[in-house]
Amino acid sequence: MTSPSAPTSAVVTRFAPSPTGSLHIGGARTALFNHLFARRHNGRFLVRVEDTDRERSTDEAVKAIFDGLSWLGLFADDEPVFQFSRADRHREVANTLLETGHAYRDFLSADETGALRDQAKAEGRDFVSPWRDRDPTVDDLSKPHTVRFRRPLDQAVVVEDAVQGAVRWESSALDDLVILRSDGAPTYNLAVVVDDHDMGVTHVIRGDDHLNNAARQSLIYDALGWTRPVFAHIPLIHGPDGAKLSKRHGAQAVHEYAEMGYLPEAMRNYLARLGWAHGDDELFSDEQAAAWFDLDGVGKAPSRLDFDKLAHVNAHWMRLADDDRLAKAALDVHLSRGHALGPEDEARLLHAMPFVKDRAKTLLELADQTVFVLKPRPLALDEKALGQLAGEAADRIGRLRDRLALFQSWDVFALEAELKAFAEEEGVGFGKIGPAARAALTGGSPSPDIARILASLGREISLGRLDDALQQTK
């Protein structure tokens, strides 16, 4: 089998998800860190799908992972590698380890292995297969067996981790790892080492739940005479309460955050800051993140998911987002909610966007804040809205309507001044005018201040809605 060609850039990172479900928020952050580190060092970012678990790996999960990466804007610099397709190469390396004495064939059955392991535990010693120092005969080779890596005994294994520092294990505690199952299928730790080597990966940045694997994989690198990559094991993401992230904490998969109305640039900003710091900077662009990111800024303690902070970051990027993009996104939300929309509604949303987007923290909230824009004429008022227009309020709204009919500018700042002048002439605070005006213009839907409502609706629709409301009070 042809191996992936080794890249020429100095830094190569990879994201290696298992396709057994959607892209988790923790996996998304791992992918982002690998992407940013590669960009920071003008390197290459690769994706490898670790699909060797054939029972749990699904095409749907593969699609979900790539959909999540695409939504986040994290694109690999080469075609993805699928680990299962490289099984022949993994077996080739296992045979090399057998030939050099760094692996051996183990003919114990699973039951025999379990019994001997239990016996060793009861006697307070480490389990070692009796086949470790026994040469199989020709007849043995025809029997089912596994291939185990022959770890060195009584040797310290030290990994200089770029995040965790120097981490030490005793080789006696690591067991002789199975590298080929009895059906010839390669196991995870062998496949990862071979693939990372063949893909030219220089930095393995992954969750610290893989830290123990680094010891076993380092021994395989050493046995093959291959240079170890730099390992960097990042702490996991915990929930707001400090406990391991679970369903009870809310959304876990990336697609759920998209459905909740977060922008991908906000997620990138928030995830980059989740476990990594650049001074006190909280809000930064993709370009800044790529220029600043390095492993020395990654903390050793688990980070906590904070939905309030995520909402704050998302609100910031919504304020900076293009109005046309936000209008289309709000339109999609309205359509997903089953709202019947007309051909002019996207244009109406676009016109209103500068006046409403700073009130929303998510695209869902933006849709909530723009319901009033899409209401058709004549605007039907419910009992509560009609109550706001009872008595003197209706007369005052009538005078406001007449005054606005003479007003031509319709600039939001000019409208604010005009409304203030009207309240002064009426001799009342605007609190006596606002509720009735809001009821007449929006029917009571969530909305910004009155000047922004008028600016959002435009002159013709604003005056028309005031006429509709006044007609219903008669």
# chains A, B, ... in the order shown; residues from 1 in each chain; ligands from 1

$ residues_around --residues "Lys309 of chain A" --least-positions-apart "6" --cutoff "12 Å" --atoms "only C-alpha atoms" --output "PyMOL selection string"
chain A and resi 240+266-267+269-271+273-274+282-283+315-316+361

$ atom_distance --atom1 "atom CA of Gln217 of chain A" --atom2 "atom CA of Leu116 of chain A"
24.9 Å

$ closest_residue --among "A:Pro264, A:Gly427, A:Gly443, A:Pro435" --to "Ser70 of chain A" --atoms "only C-alpha atoms"
A:Pro264

$ closest_residue --among "A:Glu256, A:Asp133, A:Asp88, A:Asp59" --to "Gly184 of chain A" --atoms "only C-alpha atoms"
A:Asp88

$ closest_residue --among "A:Glu123, A:Val163, A:Ala76, A:Val192" --to "Glu50 of chain A" --atoms "only C-alpha atoms"
A:Val192

$ closest_residue --among "A:Leu32, A:Ile25, A:Ala61, A:Ala122" --to "Phe45 of chain A" --atoms "only C-alpha atoms"
A:Leu32
